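Text of upload.txt (compact mmCIF, C-alpha atoms and all ligand atoms) as supplied:
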```txt
# COMPACT_ATOMS: atom_id res chain seq x y z
CA GLU G 1 -57.55 -5.70 -34.46
CA ALA G 2 -54.45 -5.18 -36.58
CA CYS G 3 -53.67 -7.89 -39.05
CA ALA G 4 -50.61 -8.45 -41.19
CA LYS G 5 -50.70 -8.36 -44.95
CA VAL G 6 -50.44 -11.90 -46.33
CA ILE G 7 -47.51 -12.38 -48.69
CA ASP G 8 -49.04 -14.66 -51.29
CA GLY G 9 -46.24 -16.88 -52.56
CA LYS G 10 -48.58 -19.01 -54.60
CA TYR G 11 -49.79 -15.99 -56.55
CA ILE G 12 -46.30 -14.52 -57.06
CA ALA G 13 -44.93 -17.91 -58.09
CA LYS G 14 -47.69 -18.20 -60.70
CA GLN G 15 -46.80 -14.74 -62.04
CA ILE G 16 -43.15 -15.75 -62.28
CA ARG G 17 -44.00 -19.03 -64.01
CA ASP G 18 -46.04 -17.08 -66.57
CA GLU G 19 -43.09 -14.76 -67.19
CA ILE G 20 -40.77 -17.76 -67.59
CA SER G 21 -43.20 -19.49 -69.90
CA ALA G 22 -43.29 -16.43 -72.19
CA GLU G 23 -39.48 -16.27 -72.25
CA VAL G 24 -39.18 -20.00 -73.01
CA SER G 25 -41.51 -19.57 -76.01
CA ARG G 26 -39.62 -16.51 -77.25
CA MET G 27 -36.32 -18.35 -76.98
CA LYS G 28 -37.68 -21.33 -78.89
CA GLU G 29 -39.12 -19.07 -81.58
CA VAL G 30 -36.04 -16.90 -82.02
CA ILE G 31 -33.15 -19.38 -81.73
CA GLY G 32 -34.90 -22.75 -81.64
CA VAL G 33 -33.54 -23.71 -78.23
CA VAL G 34 -35.61 -25.23 -75.43
CA PRO G 35 -34.14 -25.04 -71.90
CA GLY G 36 -33.58 -28.43 -70.26
CA LEU G 37 -33.34 -29.54 -66.64
CA ALA G 38 -31.88 -32.90 -65.60
CA VAL G 39 -32.93 -34.32 -62.23
CA ILE G 40 -31.10 -37.19 -60.55
CA LEU G 41 -32.94 -39.06 -57.85
CA VAL G 42 -31.24 -41.83 -55.88
CA GLY G 43 -33.24 -44.19 -53.69
CA ASP G 44 -36.91 -44.39 -52.84
CA ARG G 45 -37.63 -41.75 -50.23
CA LYS G 46 -41.27 -40.80 -50.71
CA ASP G 47 -40.75 -37.09 -49.99
CA SER G 48 -37.89 -36.89 -52.50
CA ALA G 49 -39.98 -38.66 -55.14
CA THR G 50 -42.76 -36.11 -54.57
CA TYR G 51 -40.35 -33.17 -54.90
CA VAL G 52 -38.93 -34.60 -58.13
CA ARG G 53 -42.41 -35.20 -59.54
CA ASN G 54 -43.41 -31.61 -58.71
CA LYS G 55 -40.27 -30.21 -60.34
CA LYS G 56 -40.96 -32.24 -63.47
CA LYS G 57 -44.57 -31.03 -63.62
CA ALA G 58 -43.44 -27.44 -63.12
CA CYS G 59 -40.99 -27.78 -66.02
CA GLU G 60 -43.76 -29.09 -68.26
CA SER G 61 -46.05 -26.23 -67.27
CA VAL G 62 -43.59 -23.62 -68.61
CA GLY G 63 -42.27 -25.60 -71.60
CA ILE G 64 -38.87 -26.53 -70.13
CA ASN G 65 -37.64 -30.04 -71.04
CA SER G 66 -36.98 -32.30 -68.09
CA PHE G 67 -34.79 -35.37 -68.04
CA GLU G 68 -35.09 -37.68 -65.07
CA VAL G 69 -32.72 -40.36 -63.85
CA HIS G 70 -33.89 -42.61 -61.04
CA LEU G 71 -31.20 -44.84 -59.52
CA PRO G 72 -31.69 -47.52 -56.85
CA THR G 73 -30.58 -46.85 -53.26
CA ASP G 74 -27.67 -49.30 -53.50
CA SER G 75 -26.15 -47.60 -56.56
CA LYS G 76 -22.50 -46.70 -56.42
CA GLU G 77 -21.29 -43.14 -56.17
CA GLU G 78 -19.56 -43.67 -59.53
CA ASP G 79 -22.93 -44.36 -61.15
CA VAL G 80 -24.22 -40.98 -60.04
CA LEU G 81 -20.98 -39.30 -61.11
CA LYS G 82 -21.27 -40.92 -64.54
CA PHE G 83 -24.71 -39.41 -65.09
CA ILE G 84 -23.56 -36.02 -63.86
CA SER G 85 -20.63 -36.09 -66.24
CA GLY G 86 -22.94 -37.06 -69.13
CA PHE G 87 -25.29 -34.15 -68.33
CA ASN G 88 -22.34 -31.77 -67.92
CA ASP G 89 -21.40 -32.55 -71.54
CA ASP G 90 -24.95 -32.60 -72.94
CA PRO G 91 -25.81 -29.30 -74.69
CA SER G 92 -29.56 -29.93 -74.37
CA VAL G 93 -29.22 -29.87 -70.57
CA HIS G 94 -28.86 -26.43 -68.98
CA GLY G 95 -29.48 -27.32 -65.37
CA ILE G 96 -28.50 -30.34 -63.26
CA LEU G 97 -30.14 -31.07 -59.97
CA VAL G 98 -29.23 -33.88 -57.59
CA GLN G 99 -32.14 -34.44 -55.21
CA LEU G 100 -30.94 -34.43 -51.59
CA PRO G 101 -30.55 -36.19 -49.26
CA LEU G 102 -28.44 -38.87 -50.93
CA PRO G 103 -28.18 -42.37 -49.42
CA SER G 104 -25.72 -42.33 -46.50
CA HIS G 105 -23.03 -44.38 -48.28
CA MET G 106 -22.55 -41.60 -50.82
CA ASN G 107 -20.37 -38.56 -50.39
CA GLU G 108 -22.65 -35.58 -50.92
CA GLN G 109 -19.70 -33.23 -51.24
CA SER G 110 -17.96 -35.00 -54.08
CA ILE G 111 -21.26 -35.43 -55.93
CA LEU G 112 -22.26 -31.76 -55.65
CA ASN G 113 -18.74 -30.73 -56.65
CA ALA G 114 -19.06 -32.79 -59.85
CA VAL G 115 -21.87 -30.63 -61.23
CA THR G 116 -20.32 -28.03 -63.54
CA ILE G 117 -20.92 -24.57 -62.09
CA GLU G 118 -22.44 -23.46 -65.41
CA LYS G 119 -25.33 -25.92 -64.81
CA ASP G 120 -25.52 -25.69 -61.01
CA VAL G 121 -29.11 -24.40 -60.94
CA ASP G 122 -29.48 -25.38 -57.27
CA GLY G 123 -26.57 -23.05 -56.49
CA PHE G 124 -25.03 -25.62 -54.13
CA HIS G 125 -21.56 -25.77 -55.73
CA PRO G 126 -18.99 -24.35 -53.30
CA LEU G 127 -17.74 -21.98 -56.01
CA ASN G 128 -21.19 -20.47 -56.41
CA ILE G 129 -21.67 -20.20 -52.62
CA GLY G 130 -18.17 -18.75 -52.27
CA ARG G 131 -18.86 -16.07 -54.85
CA LEU G 132 -22.14 -15.29 -53.10
CA ALA G 133 -20.14 -14.55 -49.96
CA MET G 134 -17.54 -12.33 -51.68
CA ARG G 135 -17.80 -8.65 -52.45
CA GLY G 136 -17.45 -7.83 -56.12
CA ARG G 137 -18.06 -11.43 -57.23
CA GLU G 138 -21.18 -12.79 -58.86
CA PRO G 139 -22.39 -16.36 -58.37
CA LEU G 140 -23.74 -17.96 -61.54
CA PHE G 141 -26.71 -19.26 -59.54
CA VAL G 142 -28.22 -18.56 -56.12
CA PRO G 143 -29.93 -21.36 -54.13
CA CYS G 144 -33.64 -21.44 -54.94
CA THR G 145 -35.34 -21.21 -51.54
CA PRO G 146 -33.43 -18.17 -50.24
CA LYS G 147 -33.68 -16.56 -53.68
CA GLY G 148 -37.45 -17.08 -53.48
CA CYS G 149 -37.55 -15.39 -50.06
CA ILE G 150 -35.77 -12.29 -51.38
CA GLU G 151 -37.94 -12.25 -54.50
CA LEU G 152 -41.04 -12.14 -52.28
CA LEU G 153 -39.61 -9.14 -50.40
CA HIS G 154 -38.86 -7.40 -53.71
CA ARG G 155 -42.24 -8.06 -55.27
CA TYR G 156 -44.03 -6.83 -52.14
CA GLY G 157 -41.93 -3.66 -52.13
CA VAL G 158 -40.25 -4.42 -48.79
CA GLY G 159 -37.12 -2.29 -48.46
CA ILE G 160 -34.01 -4.25 -47.40
CA LYS G 161 -31.23 -1.67 -47.56
CA GLY G 162 -30.15 -0.48 -44.13
CA LYS G 163 -32.71 -2.71 -42.38
CA ARG G 164 -32.02 -5.11 -39.51
CA ALA G 165 -32.60 -8.65 -40.70
CA VAL G 166 -32.47 -11.80 -38.60
CA VAL G 167 -32.19 -15.22 -40.19
CA ILE G 168 -33.07 -18.15 -37.95
CA GLY G 169 -31.18 -21.24 -39.15
CA ARG G 170 -27.78 -21.53 -40.84
CA SER G 171 -28.09 -24.54 -43.16
CA ASN G 172 -26.11 -24.58 -46.40
CA ILE G 173 -29.27 -24.69 -48.47
CA VAL G 174 -31.44 -22.05 -46.77
CA GLY G 175 -30.29 -20.10 -43.73
CA MET G 176 -26.69 -19.30 -44.67
CA PRO G 177 -27.34 -18.25 -48.28
CA ALA G 178 -30.42 -16.27 -47.15
CA ALA G 179 -28.20 -14.29 -44.77
CA LEU G 180 -25.60 -13.74 -47.50
CA LEU G 181 -28.26 -12.50 -49.91
CA LEU G 182 -29.70 -10.06 -47.37
CA GLN G 183 -26.20 -8.78 -46.68
CA ARG G 184 -25.61 -8.26 -50.40
CA GLU G 185 -28.75 -6.12 -50.38
CA ASP G 186 -27.27 -3.98 -47.60
CA ALA G 187 -29.25 -5.28 -44.65
CA THR G 188 -27.47 -5.66 -41.33
CA ILE G 189 -27.81 -9.33 -40.51
CA SER G 190 -27.82 -11.52 -37.44
CA ILE G 191 -27.96 -15.29 -37.62
CA VAL G 192 -29.72 -17.25 -34.91
CA HIS G 193 -29.03 -20.99 -34.56
CA SER G 194 -29.48 -23.84 -32.10
CA ARG G 195 -26.70 -22.56 -29.80
CA THR G 196 -27.99 -18.98 -29.67
CA GLN G 197 -28.95 -17.85 -26.19
CA ASN G 198 -32.16 -15.84 -25.81
CA PRO G 199 -32.97 -15.82 -29.53
CA GLU G 200 -36.09 -13.74 -28.89
CA GLU G 201 -33.94 -10.80 -27.79
CA ILE G 202 -32.31 -10.83 -31.20
CA THR G 203 -35.41 -11.42 -33.28
CA ARG G 204 -37.18 -8.53 -31.51
CA GLU G 205 -34.67 -6.16 -33.10
CA ALA G 206 -35.49 -7.33 -36.61
CA ASP G 207 -37.30 -5.41 -39.34
CA ILE G 208 -37.19 -8.60 -41.41
CA ILE G 209 -37.16 -12.17 -40.10
CA ILE G 210 -36.46 -15.20 -42.25
CA ALA G 211 -37.18 -18.37 -40.27
CA ALA G 212 -35.65 -21.61 -41.63
CA VAL G 213 -35.46 -23.91 -38.65
CA GLY G 214 -37.73 -26.91 -38.92
CA GLN G 215 -39.42 -26.36 -35.51
CA ALA G 216 -43.20 -25.96 -35.63
CA ASN G 217 -44.44 -22.58 -34.33
CA MET G 218 -41.15 -21.76 -32.61
CA VAL G 219 -41.26 -18.02 -33.28
CA ARG G 220 -43.97 -16.57 -31.03
CA GLY G 221 -45.74 -13.23 -31.29
CA THR G 222 -43.58 -11.87 -28.44
CA TRP G 223 -40.43 -12.53 -30.50
CA ILE G 224 -41.49 -10.04 -33.14
CA LYS G 225 -41.11 -6.28 -33.33
CA PRO G 226 -44.39 -4.59 -34.26
CA GLY G 227 -44.43 -3.96 -38.01
CA ALA G 228 -41.72 -6.50 -38.89
CA VAL G 229 -41.94 -8.53 -42.10
CA ILE G 230 -41.87 -12.30 -41.64
CA ILE G 231 -40.76 -14.87 -44.21
CA ASP G 232 -41.48 -18.37 -42.89
CA VAL G 233 -39.55 -21.10 -44.71
CA GLY G 234 -40.39 -23.91 -42.29
CA ILE G 235 -42.55 -26.83 -43.39
CA ASN G 236 -43.48 -28.94 -40.38
CA PRO G 237 -46.12 -31.64 -40.17
CA VAL G 238 -48.18 -31.50 -36.97
CA GLU G 239 -51.01 -33.80 -35.91
CA ASP G 240 -54.43 -32.67 -37.03
CA PRO G 241 -57.35 -35.00 -36.37
CA LYS G 242 -59.60 -32.76 -38.51
CA SER G 243 -57.54 -33.46 -41.63
CA SER G 244 -58.14 -36.61 -43.63
CA ARG G 245 -54.39 -37.19 -43.70
CA GLY G 246 -54.19 -36.91 -39.92
CA TYR G 247 -51.70 -34.06 -40.09
CA LYS G 248 -51.29 -30.55 -41.41
CA LEU G 249 -48.30 -28.43 -42.33
CA VAL G 250 -47.28 -25.42 -40.27
CA GLY G 251 -44.32 -23.06 -40.39
CA ASP G 252 -41.57 -22.19 -37.93
CA VAL G 253 -43.57 -19.10 -36.96
CA CYS G 254 -46.75 -19.20 -34.89
CA TYR G 255 -48.96 -17.61 -37.56
CA GLU G 256 -51.95 -16.77 -35.37
CA GLU G 257 -49.78 -14.74 -33.00
CA ALA G 258 -47.38 -13.32 -35.57
CA CYS G 259 -50.05 -11.94 -37.89
CA LYS G 260 -51.23 -9.67 -35.06
CA VAL G 261 -47.78 -8.10 -34.64
CA ALA G 262 -46.11 -8.25 -38.06
CA SER G 263 -46.92 -5.92 -40.96
CA ALA G 264 -46.61 -8.73 -43.52
CA ILE G 265 -46.17 -12.50 -43.31
CA THR G 266 -45.94 -15.55 -45.57
CA PRO G 267 -48.45 -18.34 -44.90
CA VAL G 268 -47.52 -22.03 -44.72
CA PRO G 269 -48.37 -23.59 -47.08
CA GLY G 270 -48.60 -21.12 -49.96
CA GLY G 271 -45.71 -18.83 -49.01
CA VAL G 272 -42.11 -19.73 -49.70
CA GLY G 273 -42.82 -23.29 -50.90
CA PRO G 274 -44.16 -22.42 -54.38
CA MET G 275 -41.37 -19.85 -54.83
CA THR G 276 -38.64 -22.48 -54.53
CA ILE G 277 -39.74 -24.30 -57.68
CA ALA G 278 -40.37 -21.03 -59.53
CA MET G 279 -36.75 -20.02 -58.79
CA LEU G 280 -35.49 -23.38 -60.04
CA LEU G 281 -37.27 -22.77 -63.36
CA SER G 282 -35.90 -19.24 -63.42
CA ASN G 283 -32.34 -20.47 -62.84
CA THR G 284 -32.74 -23.06 -65.62
CA LEU G 285 -33.96 -20.41 -68.05
CA THR G 286 -31.08 -18.09 -67.07
CA SER G 287 -28.62 -20.91 -67.66
CA ALA G 288 -30.00 -21.67 -71.12
CA LYS G 289 -29.94 -17.99 -72.06
CA ARG G 290 -26.37 -17.70 -70.87
CA ALA G 291 -25.27 -20.83 -72.74
CA HIS G 292 -26.69 -19.47 -75.99
CA ASN G 293 -25.90 -15.83 -75.35
CA PHE G 294 -29.60 -15.02 -75.72
CA GLN G 295 -30.98 -11.85 -74.15
P1 LIG G 301 -31.67 -27.86 -41.34
O1 LIG G 301 -32.16 -28.87 -40.37
O2 LIG G 301 -30.58 -28.20 -42.28
O3 LIG G 301 -31.22 -26.55 -40.54
C1 LIG G 301 -31.96 -26.07 -39.48
C2 LIG G 301 -31.26 -24.88 -38.86
O4 LIG G 301 -32.05 -24.41 -37.77
C3 LIG G 301 -29.89 -25.21 -38.29
O5 LIG G 301 -28.98 -24.18 -38.62
C4 LIG G 301 -30.12 -25.28 -36.78
O6 LIG G 301 -29.03 -24.81 -36.01
C5 LIG G 301 -31.26 -24.33 -36.60
N1 LIG G 301 -32.06 -24.68 -35.43
C6 LIG G 301 -32.58 -25.90 -35.12
N2 LIG G 301 -33.26 -25.83 -33.97
C7 LIG G 301 -33.17 -24.55 -33.54
C8 LIG G 301 -33.66 -23.85 -32.42
N3 LIG G 301 -34.40 -24.47 -31.48
N4 LIG G 301 -33.39 -22.54 -32.31
C9 LIG G 301 -32.66 -21.89 -33.25
N5 LIG G 301 -32.17 -22.51 -34.33
C10 LIG G 301 -32.41 -23.82 -34.48
O7 LIG G 301 -32.98 -27.39 -42.12
P2 LIG G 301 -33.15 -26.64 -43.53
O8 LIG G 301 -32.44 -25.35 -43.49
O9 LIG G 301 -32.90 -27.58 -44.63
O10 LIG G 301 -34.73 -26.38 -43.50
C11 LIG G 301 -35.33 -25.58 -42.52
C12 LIG G 301 -36.85 -25.66 -42.65
O11 LIG G 301 -37.23 -25.15 -43.92
C13 LIG G 301 -37.43 -27.07 -42.58
O12 LIG G 301 -38.70 -26.99 -41.95
C14 LIG G 301 -37.61 -27.45 -44.03
O13 LIG G 301 -38.66 -28.39 -44.19
C15 LIG G 301 -37.97 -26.13 -44.64
N6 LIG G 301 -37.62 -26.00 -46.05
C16 LIG G 301 -38.54 -25.46 -46.88
C17 LIG G 301 -38.27 -25.26 -48.21
C18 LIG G 301 -39.31 -24.61 -49.06
O14 LIG G 301 -39.27 -24.72 -50.26
N7 LIG G 301 -40.25 -23.86 -48.48
C19 LIG G 301 -37.00 -25.69 -48.81
C20 LIG G 301 -36.04 -26.18 -47.85
C21 LIG G 301 -36.37 -26.35 -46.53
P3 LIG G 301 -27.58 -25.54 -35.98
O15 LIG G 301 -26.89 -25.09 -37.23
O16 LIG G 301 -26.96 -25.01 -34.74
O17 LIG G 301 -27.85 -27.01 -35.96
```
Turn the structure described in the file into structure tokens.
Amino acid sequence: EACAKVIDGKYIAKQIRDEISAEVSRMKEVIGVVPGLAVILVGDRKDSATYVRNKKKACESVGINSFEVHLPTDSKEEDVLKFISGFNDDPSVHGILVQLPLPSHMNEQSILNAVTIEKDVDGFHPLNIGRLAMRGREPLFVPCTPKGCIELLHRYGVGIKGKRAVVIGRSNIVGMPAALLLQREDATISIVHSRTQNPEEITREADIIIAAVGQANMVRGTWIKPGAVIIDVGINPVEDPKSSRGYKLVGDVCYEEACKVASAITPVPGGVGPMTIAMLLSNTLTSAKRAHNFQ
């Protein structure tokens, strides 16, 4: 029985972290500069705290400095803006990341807009997204998760040019920038979202599918053209009595079915997830190099 090649995000992410680590050492040796990432966390969401902890650990593992600010849920928007402005002006900080979601009384837009585009390592500033969408313009940074998806395609030698690509989901942080990136690489893209009728008719045309929906196992084997390449961004907890935690994580794609039809597929976990953090480190290194004109 045919079985898809597994796109090993964990392995690729480790390779990338090793490359970054070597570059960080070289930079320190040659010009005495250590890249720095500032992370701002507001409130006490457990998942956000975990993400921030993982980002901090990842920085340590490659020799990037990390600076963390943890503000209480009832902080004022001005408090967050004050820290952002301080990091904008701080030459030892090359990347600024505001962990989302913010508490509901804060205006996400004005906070993301306050991060200087030179340090916008999440790539969420509207100027960076706007440039991503324009021909002949270059964003300073590309959002990490979609960048990680494309990097996986590159490192597995999957051709993108001239291919039909379908992105499922159109969020600002994953789906939309993923579609823009594929388009920049000369794929012909379709975007499927919650109002799309008969999504399976569209996905069946795709040579490449990027699924970023947040619906466990939504993409079935019958939705996939034989030989397609599947990048599954979804991270969905589903009940699992066999696990000590009582749940397990699955993607947006039904892996058991898809791996019989696709030519290559990312697992969940161990696919896109580890790439996101690797791309954050990569963006931070790029920013530091750019700030110090170091090649
Ligand atoms: P959002 O909830 O912001 O966006 C989901 C998108 O999916 C929306 O565009 C929505 O459409 C669309 N959608 C929802 N239901 C359906 C449906 N039934 N059919 C077709 N489209 C649908 O999620 P995110 O983009 O932030 O995240 C998507 C998934 O990726 C989540 O599981 C998240 O946990 C995971 N994720 C993983 C990361 C990683 O590092 N691996 C990083 C970030 C996210 P509409 O616009 O019409 O509402």
Enumerate as a PyMOL selection string the residues within 8 Å of ligand LIG 301 (chain G), counting only C-alpha atoms and all ligand atoms. chain G and resi 145+168-175+192-196+199+211-216+218+232-236+251-252+271-277
Distance query G:Val93 at most 9 Å, all atoms listed in the file, self and fewer than 2 positions along chain excluded, as a compact mmCIF listing (two decimals) with C-alpha atoms, keeping the file's coordinate frame:
```txt
# COMPACT_ATOMS: atom_id res chain seq x y z
CA PRO G 35 -34.14 -25.04 -71.90
CA GLY G 36 -33.58 -28.43 -70.26
CA LEU G 37 -33.34 -29.54 -66.64
CA ALA G 38 -31.88 -32.90 -65.60
CA ASN G 65 -37.64 -30.04 -71.04
CA SER G 66 -36.98 -32.30 -68.09
CA PHE G 67 -34.79 -35.37 -68.04
CA PHE G 87 -25.29 -34.15 -68.33
CA ASN G 88 -22.34 -31.77 -67.92
CA ASP G 89 -21.40 -32.55 -71.54
CA ASP G 90 -24.95 -32.60 -72.94
CA PRO G 91 -25.81 -29.30 -74.69
CA GLY G 95 -29.48 -27.32 -65.37
CA ILE G 96 -28.50 -30.34 -63.26
CA LYS G 119 -25.33 -25.92 -64.81
CA ALA G 288 -30.00 -21.67 -71.12
```
Within 9 Å of G:Val115, counting all atoms listed in the file, which residues qualify if same-chain residues fewer than 5 places away don't, as a ChimeraX atom specification? /G:81,84-85,87-88,96-98,120,125
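Among the candidate residues G:Asn54, G:Ser92, G:Thr116, G:Ser104, the one lying nearest to G:Glu77 is G:Ser104, with distances computed using all atoms listed in the file.
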Separating atom CA of G:Val39 from atom CA of G:Arg245, to the nearest tenth of an Å, is a gap of 28.5 Å
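Nearest-residue note for G:Val121: choosing from G:Cys144, G:Leu182, G:Ile210, G:Ile202, the minimum distance belongs to G:Cys144, counting all atoms listed in the file.
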Tell me, in Å to one decimal, how far atom CA of G:Gly32 is from atom CA of G:Gly63. 12.8 Å
Show which residues sit within 10 Å of G:Ala258, as a ChimeraX atom specification. Count all atoms listed in the file, and ignore same-chain residues fewer than 6 positions away. /G:3-4,217,219-226,228-230,264-265
Just the selected residues (C-alpha atoms), exported as a JSON list (two decimals), in the coordinates of the input, please.
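Writing done, so here's selection.json:
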```json
[["chain", "number", "residue", "atom", "x", "y", "z"],
["G", 3, "CYS", "CA", -53.67, -7.89, -39.05],
["G", 4, "ALA", "CA", -50.61, -8.45, -41.19],
["G", 217, "ASN", "CA", -44.44, -22.58, -34.33],
["G", 219, "VAL", "CA", -41.26, -18.02, -33.28],
["G", 220, "ARG", "CA", -43.97, -16.57, -31.03],
["G", 221, "GLY", "CA", -45.74, -13.23, -31.29],
["G", 222, "THR", "CA", -43.58, -11.87, -28.44],
["G", 223, "TRP", "CA", -40.43, -12.53, -30.50],
["G", 224, "ILE", "CA", -41.49, -10.04, -33.14],
["G", 225, "LYS", "CA", -41.11, -6.28, -33.33],
["G", 226, "PRO", "CA", -44.39, -4.59, -34.26],
["G", 228, "ALA", "CA", -41.72, -6.50, -38.89],
["G", 229, "VAL", "CA", -41.94, -8.53, -42.10],
["G", 230, "ILE", "CA", -41.87, -12.30, -41.64],
["G", 264, "ALA", "CA", -46.61, -8.73, -43.52],
["G", 265, "ILE", "CA", -46.17, -12.50, -43.31]]
```
Which of these residues is nearest to G:Leu112, using only C-alpha atoms: G:Lys56, G:Glu19, G:Arg204, G:Leu100? G:Leu100
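With all atoms listed in the file as the atoms that count, the residue of G:Val261, G:Glu108, G:Pro267, G:Glu68 with the shortest distance to G:Leu249 is G:Pro267.
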Rounded to one decimal place, report the atom CA of G:Phe83-atom CA of G:Leu281 distance in Å. 20.9 Å
Using only the atoms of stretch 9-21 of chain G listed in the file, plus 4 Å on each side, state the axis-aligned box centre and edge lengths in Å rounded to one decimal, as lines of an AutoDock Vina configuration file.
```
center_x = -45.3
center_y = -17.0
center_z = -61.2
size_x = 17.0
size_y = 13.0
size_z = 25.3
```
Please provide as a JSON list (two decimals) with C-alpha atoms, in the frame of the given file all residues within 9 Å of G:Leu153, with the sequence filter that same-chain residues fewer than 4 positions apart are discarded (counting only C-alpha atoms).
```
[["chain", "number", "residue", "atom", "x", "y", "z"],
["G", 7, "ILE", "CA", -47.51, -12.38, -48.69],
["G", 148, "GLY", "CA", -37.45, -17.08, -53.48],
["G", 149, "CYS", "CA", -37.55, -15.39, -50.06],
["G", 157, "GLY", "CA", -41.93, -3.66, -52.13],
["G", 158, "VAL", "CA", -40.25, -4.42, -48.79],
["G", 159, "GLY", "CA", -37.12, -2.29, -48.46],
["G", 160, "ILE", "CA", -34.01, -4.25, -47.40],
["G", 229, "VAL", "CA", -41.94, -8.53, -42.10],
["G", 231, "ILE", "CA", -40.76, -14.87, -44.21]]
```
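With distances restricted to only C-alpha atoms, G:Gln99 is the closest residue to G:Ile40 from G:Gln15, G:Thr284, G:Thr73, G:Gln99.
Using all atoms listed in the file, the shortest contact distance between G:Leu71 and any of G:Lys46, G:Leu102, G:Ser25, G:Asp122 is found at G:Leu102.
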